[in-house]
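Asker: Next up, structure_27.pdb (PDB, C-alpha atoms and all ligand atoms).
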ATOM      1  CA  MET U   1      99.601 104.161 208.523  1.00  0.00           C
ATOM      2  CA  SER U   2     102.966 102.699 209.420  1.00  0.00           C
ATOM      3  CA  THR U   3     105.857 101.255 207.442  1.00  0.00           C
ATOM      4  CA  GLU U   4     105.870  98.232 209.732  1.00  0.00           C
ATOM      5  CA  THR U   5     103.860  95.232 208.640  1.00  0.00           C
ATOM      6  CA  PRO U   6     102.247  93.213 211.399  1.00  0.00           C
ATOM      7  CA  THR U   7     102.864  89.492 211.151  1.00  0.00           C
ATOM      8  CA  ALA U   8      99.813  87.679 209.881  1.00  0.00           C
ATOM      9  CA  LYS U   9     101.366  84.225 210.000  1.00  0.00           C
ATOM     10  CA  THR U  10     100.883  83.535 213.660  1.00  0.00           C
ATOM     11  CA  GLY U  11      97.895  85.728 214.462  1.00  0.00           C
ATOM     12  CA  GLY U  12     100.037  87.480 217.077  1.00  0.00           C
ATOM     13  CA  THR U  13     101.205  86.092 220.406  1.00  0.00           C
ATOM     14  CA  GLY U  14      98.736  84.614 222.823  1.00  0.00           C
ATOM     15  CA  HIS U  15      98.901  86.450 226.151  1.00  0.00           C
ATOM     16  CA  TYR U  16      96.222  84.440 227.912  1.00  0.00           C
ATOM     17  CA  ALA U  17      94.001  81.477 227.246  1.00  0.00           C
ATOM     18  CA  VAL U  18      90.315  80.953 227.789  1.00  0.00           C
ATOM     19  CA  PRO U  19      89.619  79.128 231.087  1.00  0.00           C
ATOM     20  CA  GLY U  20      90.181  75.396 230.842  1.00  0.00           C
ATOM     21  CA  MET U  21      92.409  75.687 227.797  1.00  0.00           C
ATOM     22  CA  ALA U  22      96.195  75.339 227.808  1.00  0.00           C
ATOM     23  CA  GLU U  23      97.889  78.648 226.984  1.00  0.00           C
ATOM     24  CA  GLY U  24      99.934  77.179 224.138  1.00  0.00           C
ATOM     25  CA  ASP U  25      96.808  75.696 222.627  1.00  0.00           C
ATOM     26  CA  GLY U  26      95.152  79.120 222.528  1.00  0.00           C
ATOM     27  CA  ALA U  27      97.993  80.566 220.455  1.00  0.00           C
ATOM     28  CA  LYS U  28      98.088  77.461 218.265  1.00  0.00           C
ATOM     29  CA  VAL U  29      94.372  77.692 217.473  1.00  0.00           C
ATOM     30  CA  ALA U  30      94.681  81.451 216.892  1.00  0.00           C
ATOM     31  CA  GLY U  31      97.429  80.791 214.339  1.00  0.00           C
ATOM     32  CA  MET U  32      95.182  78.408 212.434  1.00  0.00           C
ATOM     33  CA  LEU U  33      92.328  80.898 212.658  1.00  0.00           C
ATOM     34  CA  GLN U  34      94.508  83.690 211.243  1.00  0.00           C
ATOM     35  CA  ASP U  35      94.826  81.705 208.023  1.00  0.00           C
ATOM     36  CA  ARG U  36      91.029  81.216 207.989  1.00  0.00           C
ATOM     37  CA  LEU U  37      90.586  84.962 208.558  1.00  0.00           C
ATOM     38  CA  ASN U  38      92.868  85.638 205.576  1.00  0.00           C
ATOM     39  CA  ALA U  39      90.893  83.187 203.427  1.00  0.00           C
ATOM     40  CA  LEU U  40      87.512  84.652 204.393  1.00  0.00           C
ATOM     41  CA  THR U  41      88.645  88.249 203.871  1.00  0.00           C
ATOM     42  CA  ASP U  42      90.082  87.278 200.498  1.00  0.00           C
ATOM     43  CA  LEU U  43      86.844  85.462 199.638  1.00  0.00           C
ATOM     44  CA  HIS U  44      84.441  88.320 200.393  1.00  0.00           C
ATOM     45  CA  LEU U  45      86.621  90.749 198.419  1.00  0.00           C
ATOM     46  CA  THR U  46      86.794  88.282 195.520  1.00  0.00           C
ATOM     47  CA  LEU U  47      83.018  87.756 195.539  1.00  0.00           C
ATOM     48  CA  LYS U  48      82.515  91.536 195.323  1.00  0.00           C
ATOM     49  CA  HIS U  49      85.043  91.674 192.466  1.00  0.00           C
ATOM     50  CA  VAL U  50      82.956  89.092 190.587  1.00  0.00           C
ATOM     51  CA  HIS U  51      79.744  91.019 191.425  1.00  0.00           C
ATOM     52  CA  TRP U  52      81.288  94.035 189.669  1.00  0.00           C
ATOM     53  CA  ASN U  53      82.850  92.216 186.682  1.00  0.00           C
ATOM     54  CA  VAL U  54      80.254  89.672 185.628  1.00  0.00           C
ATOM     55  CA  VAL U  55      78.773  90.250 182.145  1.00  0.00           C
ATOM     56  CA  GLY U  56      76.561  88.520 179.600  1.00  0.00           C
ATOM     57  CA  PRO U  57      73.593  86.184 179.954  1.00  0.00           C
ATOM     58  CA  ASN U  58      72.834  85.371 183.597  1.00  0.00           C
ATOM     59  CA  PHE U  59      74.327  88.735 184.618  1.00  0.00           C
ATOM     60  CA  ILE U  60      71.539  89.812 186.925  1.00  0.00           C
ATOM     61  CA  ALA U  61      71.089  86.393 188.548  1.00  0.00           C
ATOM     62  CA  VAL U  62      74.774  86.096 189.410  1.00  0.00           C
ATOM     63  CA  HIS U  63      75.218  89.799 190.266  1.00  0.00           C
ATOM     64  CA  GLN U  64      72.351  89.620 192.754  1.00  0.00           C
ATOM     65  CA  MET U  65      73.233  86.160 194.094  1.00  0.00           C
ATOM     66  CA  LEU U  66      76.651  87.345 195.204  1.00  0.00           C
ATOM     67  CA  ASP U  67      75.812  90.279 197.496  1.00  0.00           C
ATOM     68  CA  PRO U  68      74.220  88.192 200.277  1.00  0.00           C
ATOM     69  CA  GLN U  69      77.246  85.879 200.062  1.00  0.00           C
ATOM     70  CA  VAL U  70      79.592  88.868 200.438  1.00  0.00           C
ATOM     71  CA  ASP U  71      77.699  89.979 203.562  1.00  0.00           C
ATOM     72  CA  ALA U  72      77.665  86.484 205.072  1.00  0.00           C
ATOM     73  CA  VAL U  73      81.372  85.823 204.435  1.00  0.00           C
ATOM     74  CA  ARG U  74      82.252  89.260 205.852  1.00  0.00           C
ATOM     75  CA  GLU U  75      80.366  88.305 209.002  1.00  0.00           C
ATOM     76  CA  MET U  76      82.298  85.010 209.119  1.00  0.00           C
ATOM     77  CA  ALA U  77      85.601  86.918 208.936  1.00  0.00           C
ATOM     78  CA  ASP U  78      84.439  89.086 211.836  1.00  0.00           C
ATOM     79  CA  GLU U  79      83.550  86.026 213.921  1.00  0.00           C
ATOM     80  CA  VAL U  80      86.928  84.413 213.266  1.00  0.00           C
ATOM     81  CA  ALA U  81      88.840  87.617 214.084  1.00  0.00           C
ATOM     82  CA  GLU U  82      86.921  88.020 217.346  1.00  0.00           C
ATOM     83  CA  ARG U  83      87.615  84.379 218.252  1.00  0.00           C
ATOM     84  CA  ILE U  84      91.358  85.049 217.757  1.00  0.00           C
ATOM     85  CA  ALA U  85      91.096  88.015 220.161  1.00  0.00           C
ATOM     86  CA  THR U  86      89.053  85.946 222.624  1.00  0.00           C
ATOM     87  CA  LEU U  87      91.868  83.370 222.621  1.00  0.00           C
ATOM     88  CA  GLY U  88      94.314  86.091 223.684  1.00  0.00           C
ATOM     89  CA  SER U  89      95.983  86.727 220.328  1.00  0.00           C
ATOM     90  CA  SER U  90      95.880  89.677 217.961  1.00  0.00           C
ATOM     91  CA  PRO U  91      93.909  89.259 214.719  1.00  0.00           C
ATOM     92  CA  VAL U  92      95.695  90.781 211.728  1.00  0.00           C
ATOM     93  CA  GLY U  93      93.308  92.437 209.294  1.00  0.00           C
ATOM     94  CA  VAL U  94      95.528  94.625 207.122  1.00  0.00           C
ATOM     95  CA  PRO U  95      95.722  93.741 203.417  1.00  0.00           C
ATOM     96  CA  GLY U  96      99.524  93.768 202.993  1.00  0.00           C
ATOM     97  CA  ALA U  97      99.962  91.167 205.725  1.00  0.00           C
ATOM     98  CA  LEU U  98      97.217  89.049 204.187  1.00  0.00           C
ATOM     99  CA  VAL U  99      98.919  89.047 200.797  1.00  0.00           C
ATOM    100  CA  ALA U 100     102.341  88.365 202.343  1.00  0.00           C
ATOM    101  CA  SER U 101     101.166  85.326 204.278  1.00  0.00           C
ATOM    102  CA  ARG U 102      98.574  83.692 202.040  1.00  0.00           C
ATOM    103  CA  SER U 103      99.392  80.489 200.146  1.00  0.00           C
ATOM    104  CA  TRP U 104      97.200  81.281 197.114  1.00  0.00           C
ATOM    105  CA  ASN U 105      97.196  83.879 194.322  1.00  0.00           C
ATOM    106  CA  ASP U 106      94.705  86.608 193.478  1.00  0.00           C
ATOM    107  CA  TYR U 107      91.559  85.564 191.630  1.00  0.00           C
ATOM    108  CA  HIS U 108      92.485  85.422 187.948  1.00  0.00           C
ATOM    109  CA  LEU U 109      89.417  86.661 186.050  1.00  0.00           C
ATOM    110  CA  GLY U 110      88.431  90.255 185.345  1.00  0.00           C
ATOM    111  CA  ARG U 111      85.446  91.096 183.162  1.00  0.00           C
ATOM    112  CA  ALA U 112      84.028  87.737 182.068  1.00  0.00           C
ATOM    113  CA  GLY U 113      80.797  85.876 181.489  1.00  0.00           C
ATOM    114  CA  ALA U 114      78.708  84.592 184.372  1.00  0.00           C
ATOM    115  CA  ILE U 115      79.426  80.958 183.611  1.00  0.00           C
ATOM    116  CA  GLU U 116      83.194  81.500 183.384  1.00  0.00           C
ATOM    117  CA  HIS U 117      83.112  83.264 186.775  1.00  0.00           C
ATOM    118  CA  MET U 118      81.044  80.405 188.231  1.00  0.00           C
ATOM    119  CA  GLY U 119      83.649  77.944 186.947  1.00  0.00           C
ATOM    120  CA  ALA U 120      86.477  79.857 188.614  1.00  0.00           C
ATOM    121  CA  LEU U 121      84.490  80.367 191.841  1.00  0.00           C
ATOM    122  CA  ASP U 122      83.877  76.614 192.000  1.00  0.00           C
ATOM    123  CA  LEU U 123      87.614  76.180 192.611  1.00  0.00           C
ATOM    124  CA  VAL U 124      87.799  79.164 194.980  1.00  0.00           C
ATOM    125  CA  PHE U 125      85.044  77.790 197.219  1.00  0.00           C
ATOM    126  CA  ALA U 126      86.496  74.273 197.038  1.00  0.00           C
ATOM    127  CA  GLY U 127      89.817  75.558 198.409  1.00  0.00           C
ATOM    128  CA  VAL U 128      88.325  77.590 201.265  1.00  0.00           C
ATOM    129  CA  ILE U 129      85.955  74.785 202.289  1.00  0.00           C
ATOM    130  CA  ALA U 130      88.666  72.091 202.235  1.00  0.00           C
ATOM    131  CA  ASP U 131      90.940  74.247 204.410  1.00  0.00           C
ATOM    132  CA  HIS U 132      88.107  75.028 206.857  1.00  0.00           C
ATOM    133  CA  ARG U 133      87.554  71.288 207.218  1.00  0.00           C
ATOM    134  CA  LYS U 134      91.248  70.708 208.017  1.00  0.00           C
ATOM    135  CA  VAL U 135      91.056  73.220 210.872  1.00  0.00           C
ATOM    136  CA  ILE U 136      87.804  71.645 212.094  1.00  0.00           C
ATOM    137  CA  GLU U 137      89.659  68.335 212.382  1.00  0.00           C
ATOM    138  CA  ALA U 138      92.678  69.958 214.039  1.00  0.00           C
ATOM    139  CA  THR U 139      90.588  71.788 216.672  1.00  0.00           C
ATOM    140  CA  GLU U 140      88.182  68.968 217.526  1.00  0.00           C
ATOM    141  CA  GLU U 141      90.150  68.000 220.658  1.00  0.00           C
ATOM    142  CA  ILE U 142      91.839  71.211 221.753  1.00  0.00           C
ATOM    143  CA  ASP U 143      89.064  73.760 221.149  1.00  0.00           C
ATOM    144  CA  PRO U 144      85.528  72.523 220.420  1.00  0.00           C
ATOM    145  CA  VAL U 145      84.255  76.116 220.527  1.00  0.00           C
ATOM    146  CA  THR U 146      86.394  77.025 217.503  1.00  0.00           C
ATOM    147  CA  GLU U 147      85.455  73.725 215.891  1.00  0.00           C
ATOM    148  CA  ASP U 148      81.762  74.560 216.354  1.00  0.00           C
ATOM    149  CA  LEU U 149      82.231  78.034 214.836  1.00  0.00           C
ATOM    150  CA  LEU U 150      83.941  76.592 211.765  1.00  0.00           C
ATOM    151  CA  VAL U 151      81.383  73.793 211.402  1.00  0.00           C
ATOM    152  CA  ASP U 152      78.617  76.390 211.286  1.00  0.00           C
ATOM    153  CA  GLN U 153      80.528  78.482 208.739  1.00  0.00           C
ATOM    154  CA  SER U 154      81.298  75.421 206.614  1.00  0.00           C
ATOM    155  CA  GLY U 155      77.585  74.642 206.354  1.00  0.00           C
ATOM    156  CA  GLN U 156      76.977  78.125 204.922  1.00  0.00           C
ATOM    157  CA  LEU U 157      80.028  78.001 202.638  1.00  0.00           C
ATOM    158  CA  GLU U 158      79.057  74.577 201.294  1.00  0.00           C
ATOM    159  CA  LYS U 159      75.588  75.922 200.497  1.00  0.00           C
ATOM    160  CA  PHE U 160      77.077  78.900 198.620  1.00  0.00           C
ATOM    161  CA  HIS U 161      79.337  76.449 196.775  1.00  0.00           C
ATOM    162  CA  TRP U 162      76.229  74.531 195.714  1.00  0.00           C
ATOM    163  CA  PHE U 163      74.660  77.776 194.404  1.00  0.00           C
ATOM    164  CA  VAL U 164      77.778  78.224 192.253  1.00  0.00           C
ATOM    165  CA  ARG U 165      77.944  74.596 191.145  1.00  0.00           C
ATOM    166  CA  ALA U 166      74.248  74.532 190.177  1.00  0.00           C
ATOM    167  CA  HIS U 167      75.253  76.818 187.266  1.00  0.00           C
ATOM    168  CA  LEU U 168      77.807  74.220 186.127  1.00  0.00           C
ATOM    169  CA  GLU U 169      75.821  71.050 186.520  1.00  0.00           C
ATOM    170  CA  ASN U 170      73.903  69.151 183.850  1.00  0.00           C
ATOM    171  CA  SER U 171      70.784  67.057 184.411  1.00  0.00           C
ATOM    172  CA  ALA U 172      72.958  63.979 184.938  1.00  0.00           C
ATOM    173  CA  GLY U 173      74.619  65.743 187.881  1.00  0.00           C
ATOM    174  CA  GLU U 174      77.955  66.171 186.094  1.00  0.00           C
ATOM    175  CA  LEU U 175      80.024  69.328 186.640  1.00  0.00           C
ATOM    176  CA  SER U 176      81.511  71.091 183.616  1.00  0.00           C
ATOM    177  CA  THR U 177      84.548  71.932 185.784  1.00  0.00           C
ATOM    178  CA  ALA U 178      85.346  68.298 186.639  1.00  0.00           C
ATOM    179  CA  GLY U 179      89.090  67.665 186.747  1.00  0.00           C
ATOM    180  CA  ALA U 180      90.061  71.355 186.506  1.00  0.00           C
ATOM    181  CA  THR U 181      93.091  72.228 188.605  1.00  0.00           C
ATOM    182  CA  SER U 182      93.235  75.998 188.058  1.00  0.00           C
ATOM    183  CA  GLU U 183      90.678  78.812 187.997  1.00  0.00           C
ATOM    184  CA  LYS U 184      91.534  79.565 184.362  1.00  0.00           C
ATOM    185  CA  GLN U 185      91.045  75.958 183.325  1.00  0.00           C
ATOM    186  CA  ALA U 186      87.770  75.741 185.277  1.00  0.00           C
ATOM    187  CA  ALA U 187      86.538  78.965 183.653  1.00  0.00           C
ATOM    188  CA  ARG U 188      87.453  77.631 180.184  1.00  0.00           C
ATOM    189  CA  GLN U 189      85.700  74.323 180.760  1.00  0.00           C
ATOM    190  CA  ALA U 190      82.617  76.043 182.180  1.00  0.00           C
ATOM    191  CA  GLY U 191      82.533  78.509 179.261  1.00  0.00           C
ATOM    192  CA  ALA U 192      82.833  75.710 176.701  1.00  0.00           C
ATOM    193  CA  ASP U 193      79.734  74.101 178.204  1.00  0.00           C
ATOM    194  CA  GLY U 194      77.822  77.286 178.989  1.00  0.00           C
ATOM    195  CA  GLU U 195      75.769  79.808 177.072  1.00  0.00           C
ATOM    196  CA  THR U 196      78.306  82.625 177.124  1.00  0.00           C
ATOM    197  CA  VAL U 197      80.844  81.267 174.634  1.00  0.00           C
TER     198      VAL U 197
HETATM  199 FE    FE H   1      76.689  96.285 194.071  1.00  0.00          FE
END
When written as structure tokens, how does the structure in this file appear?
Ligand SMILES: [Fe+2]

Answerer:
Amino acid sequence: MSTETPTAKTGGTGHYAVPGMAEGDGAKVAGMLQDRLNALTDLHLTLKHVHWNVVGPNFIAVHQMLDPQVDAVREMADEVAERIATLGSSPVGVPGALVASRSWNDYHLGRAGAIEHMGALDLVFAGVIADHRKVIEATEEIDPVTEDLLVDQSGQLEKFHWFVRAHLENSAGELSTAGATSEKQAARQAGADGETV
């Protein structure tokens, strides 16, 4: 352990690029990937937190649904970190640097009903997926290999998001979290519609 905190903002300096790629582009893509690494690490920790704190009706369904998602998102974080290293930069995986550089807050709910957690996770997944898509668009020209990696991950993340949203949807296809702009609001709206109130 050291008192120095590595910088997570840039993903470290690129010292070489993959063949056929401009050196500056390698570092630029690595910087974008560092933010994705932070988001994925945050997500798999948050999913485990929900796995531990979910209570009430639907407990076992949600508790057991989340573990395969934790494993898959952890694997995604590993892939992104290794892509950063492949591009010649240094992936930053320490928690203090993650917290210092992230643009979002910790997940807000502790012990809560399954439906409230699903409501909050709807917003969590929406944020991660939207940001993945931005990096897909930004890397389309300069690094199709990174683009391809993130496209594959987005397919999995969107499917997990559907698993969450299926708990919040009525037979007309309407989401109880519609219009919510914060996790707390989404959890409240989901709870008001769900069985756990
Ligand atoms: Fe467990």

Asker: With a cut-off of 6 Å, could you pull out the residues of segment 56-140 of chain U touching segment 43-52 of chain U and give me the nearest pair of atoms for each, distance in Å to one decimal, using all atoms listed in the file, ordered by chain and ascending number, as JSON lines?

Answerer:
{"residue": "U:His63", "atom": "CA", "partner": "U:His51", "partner_atom": "CA", "distance": 4.8}
{"residue": "U:Val70", "atom": "CA", "partner": "U:His44", "partner_atom": "CA", "distance": 4.9}
{"residue": "U:Val73", "atom": "CA", "partner": "U:His44", "partner_atom": "CA", "distance": 5.7}
{"residue": "U:Arg74", "atom": "CA", "partner": "U:His44", "partner_atom": "CA", "distance": 6.0}

Asker: Go through U:Thr139, U:Gln34, U:Ser103, U:Gln189 and flag the residue nearest Gly119 of chain U, using all atoms listed in the file for the distances.

Answerer: U:Gln189

Asker: Please report as a Markdown table every residue of segment 56-88 of chain U lying within 10 Å of segment 147-156 of chain U, along with the nearest atom pair and their distance in Å (one decimal), using only C-alpha atoms.

Answerer:
| residue | atom | partner | partner_atom | distance |
| --- | --- | --- | --- | --- |
| U:Gln69 | CA | U:Gln156 | CA | 9.2 |
| U:Ala72 | CA | U:Gln156 | CA | 8.4 |
| U:Val73 | CA | U:Gln153 | CA | 8.6 |
| U:Glu75 | CA | U:Gln153 | CA | 9.8 |
| U:Met76 | CA | U:Gln153 | CA | 6.8 |
| U:Ala77 | CA | U:Gln153 | CA | 9.8 |
| U:Glu79 | CA | U:Leu149 | CA | 8.2 |
| U:Val80 | CA | U:Leu149 | CA | 8.1 |
| U:Arg83 | CA | U:Leu149 | CA | 9.0 |

Asker: Run the PyMOL selection byres (((chain U and resi 90) around 8) and not hetatm) mentally over the shown coordinates, then write out the matched residues as a list in words, using the chain letters and numbers from the document.

Answerer: Gly11, Gly12, Thr13, Gly14, Ile84, Ala85, Gly88, Ser89, Pro91 and Val92 of chain U

Asker: Report, in Å with one decimal, the straight-line distance from atom CA of Ala81 of chain U to atom CA of Asp122 of chain U.

Answerer: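 Computed distance, atom CA of Ala81 of chain U to atom CA of Asp122 of chain U, equals 25.2 Å.
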
Asker: Excluding same-chain residues fewer than 4 positions from Asn58 of chain U, what lies within 9 Å of it counting all atoms listed in the file, as a CSV table (one decimal) with C-alpha atoms, in the coordinates of the input?

Answerer:
chain,number,residue,atom,x,y,z
U,54,VAL,CA,80.3,89.7,185.6
U,62,VAL,CA,74.8,86.1,189.4
U,63,HIS,CA,75.2,89.8,190.3
U,113,GLY,CA,80.8,85.9,181.5
U,114,ALA,CA,78.7,84.6,184.4
U,115,ILE,CA,79.4,81.0,183.6
U,196,THR,CA,78.3,82.6,177.1

Asker: Can you spell out as number ranges by chain the set of residues that the PyMOL selection byres (((chain U and resi 28) around 10) and not hetatm) selects in the structure I just provided?

Answerer: U: 10-11, 13-14, 22-27, 29-33, 87, 89, 139, 142

Asker: Find, counting all atoms listed in the file, the residue in U:Leu66, U:Ala112, U:Asp131, U:Asp106 that gets nearest to Asp35 of chain U.

Answerer: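 Distance minimum relative to Asp35 of chain U lands on U:Asp131.
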
Asker: Can you turn the PyMOL selection byres (((chain U and resi 191) around 12) and not hetatm) into a concrete residue list for this file, as a ChimeraX atom specification?

Answerer: /U:56-57,112-120,167-168,176-177,183-190,192-197

Asker: Which residue out of U:Phe160, U:Val135, U:Ile129, U:Ala39 has the minimum interatomic distance to Trp104 of chain U when all atoms listed in the file are used?

Answerer: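 Ranked by minimum distance to Trp104 of chain U, first place goes to U:Ala39.
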
Asker: Any chance you could model N, CA and C atoms for segment 127-144 of chain U and send them as a tab-separated table (two decimals), in the frame of the given file?

Answerer:
chain	number	residue	atom	x	y	z
U	127	GLY	N	88.60	75.37	197.62
U	127	GLY	CA	89.82	75.56	198.41
U	127	GLY	C	89.52	76.04	199.82
U	128	VAL	N	88.65	77.03	199.94
U	128	VAL	CA	88.32	77.59	201.26
U	128	VAL	C	87.64	76.52	202.13
U	129	ILE	N	86.72	75.79	201.54
U	129	ILE	CA	85.96	74.78	202.29
U	129	ILE	C	86.86	73.64	202.74
U	130	ALA	N	87.75	73.19	201.86
U	130	ALA	CA	88.67	72.09	202.24
U	130	ALA	C	89.57	72.53	203.39
U	131	ASP	N	90.05	73.76	203.34
U	131	ASP	CA	90.94	74.25	204.41
U	131	ASP	C	90.18	74.47	205.72
U	132	HIS	N	88.93	74.91	205.64
U	132	HIS	CA	88.11	75.03	206.86
U	132	HIS	C	87.97	73.65	207.51
U	133	ARG	N	87.75	72.64	206.69
U	133	ARG	CA	87.55	71.29	207.22
U	133	ARG	C	88.81	70.78	207.92
U	134	LYS	N	89.98	71.12	207.37
U	134	LYS	CA	91.25	70.71	208.02
U	134	LYS	C	91.35	71.31	209.42
U	135	VAL	N	90.96	72.57	209.56
U	135	VAL	CA	91.06	73.22	210.87
U	135	VAL	C	89.98	72.67	211.82
U	136	ILE	N	88.83	72.30	211.28
U	136	ILE	CA	87.80	71.64	212.09
U	136	ILE	C	88.39	70.38	212.71
U	137	GLU	N	89.07	69.59	211.88
U	137	GLU	CA	89.66	68.33	212.38
U	137	GLU	C	90.75	68.62	213.40
U	138	ALA	N	91.56	69.65	213.15
U	138	ALA	CA	92.68	69.96	214.04
U	138	ALA	C	92.23	70.56	215.37
U	139	THR	N	91.04	71.14	215.43
U	139	THR	CA	90.59	71.79	216.67
U	139	THR	C	89.57	70.95	217.45
U	140	GLU	N	89.22	69.80	216.91
U	140	GLU	CA	88.18	68.97	217.53
U	140	GLU	C	88.48	68.68	219.01
U	141	GLU	N	89.76	68.36	219.29
U	141	GLU	CA	90.15	68.00	220.66
U	141	GLU	C	90.48	69.23	221.49
U	142	ILE	N	91.28	70.14	220.92
U	142	ILE	CA	91.84	71.21	221.75
U	142	ILE	C	90.91	72.41	221.92
U	143	ASP	N	89.98	72.62	220.99
U	143	ASP	CA	89.06	73.76	221.15
U	143	ASP	C	87.74	73.53	220.42
U	144	PRO	N	86.82	72.80	221.05
U	144	PRO	CA	85.53	72.52	220.42
U	144	PRO	C	84.72	73.78	220.12
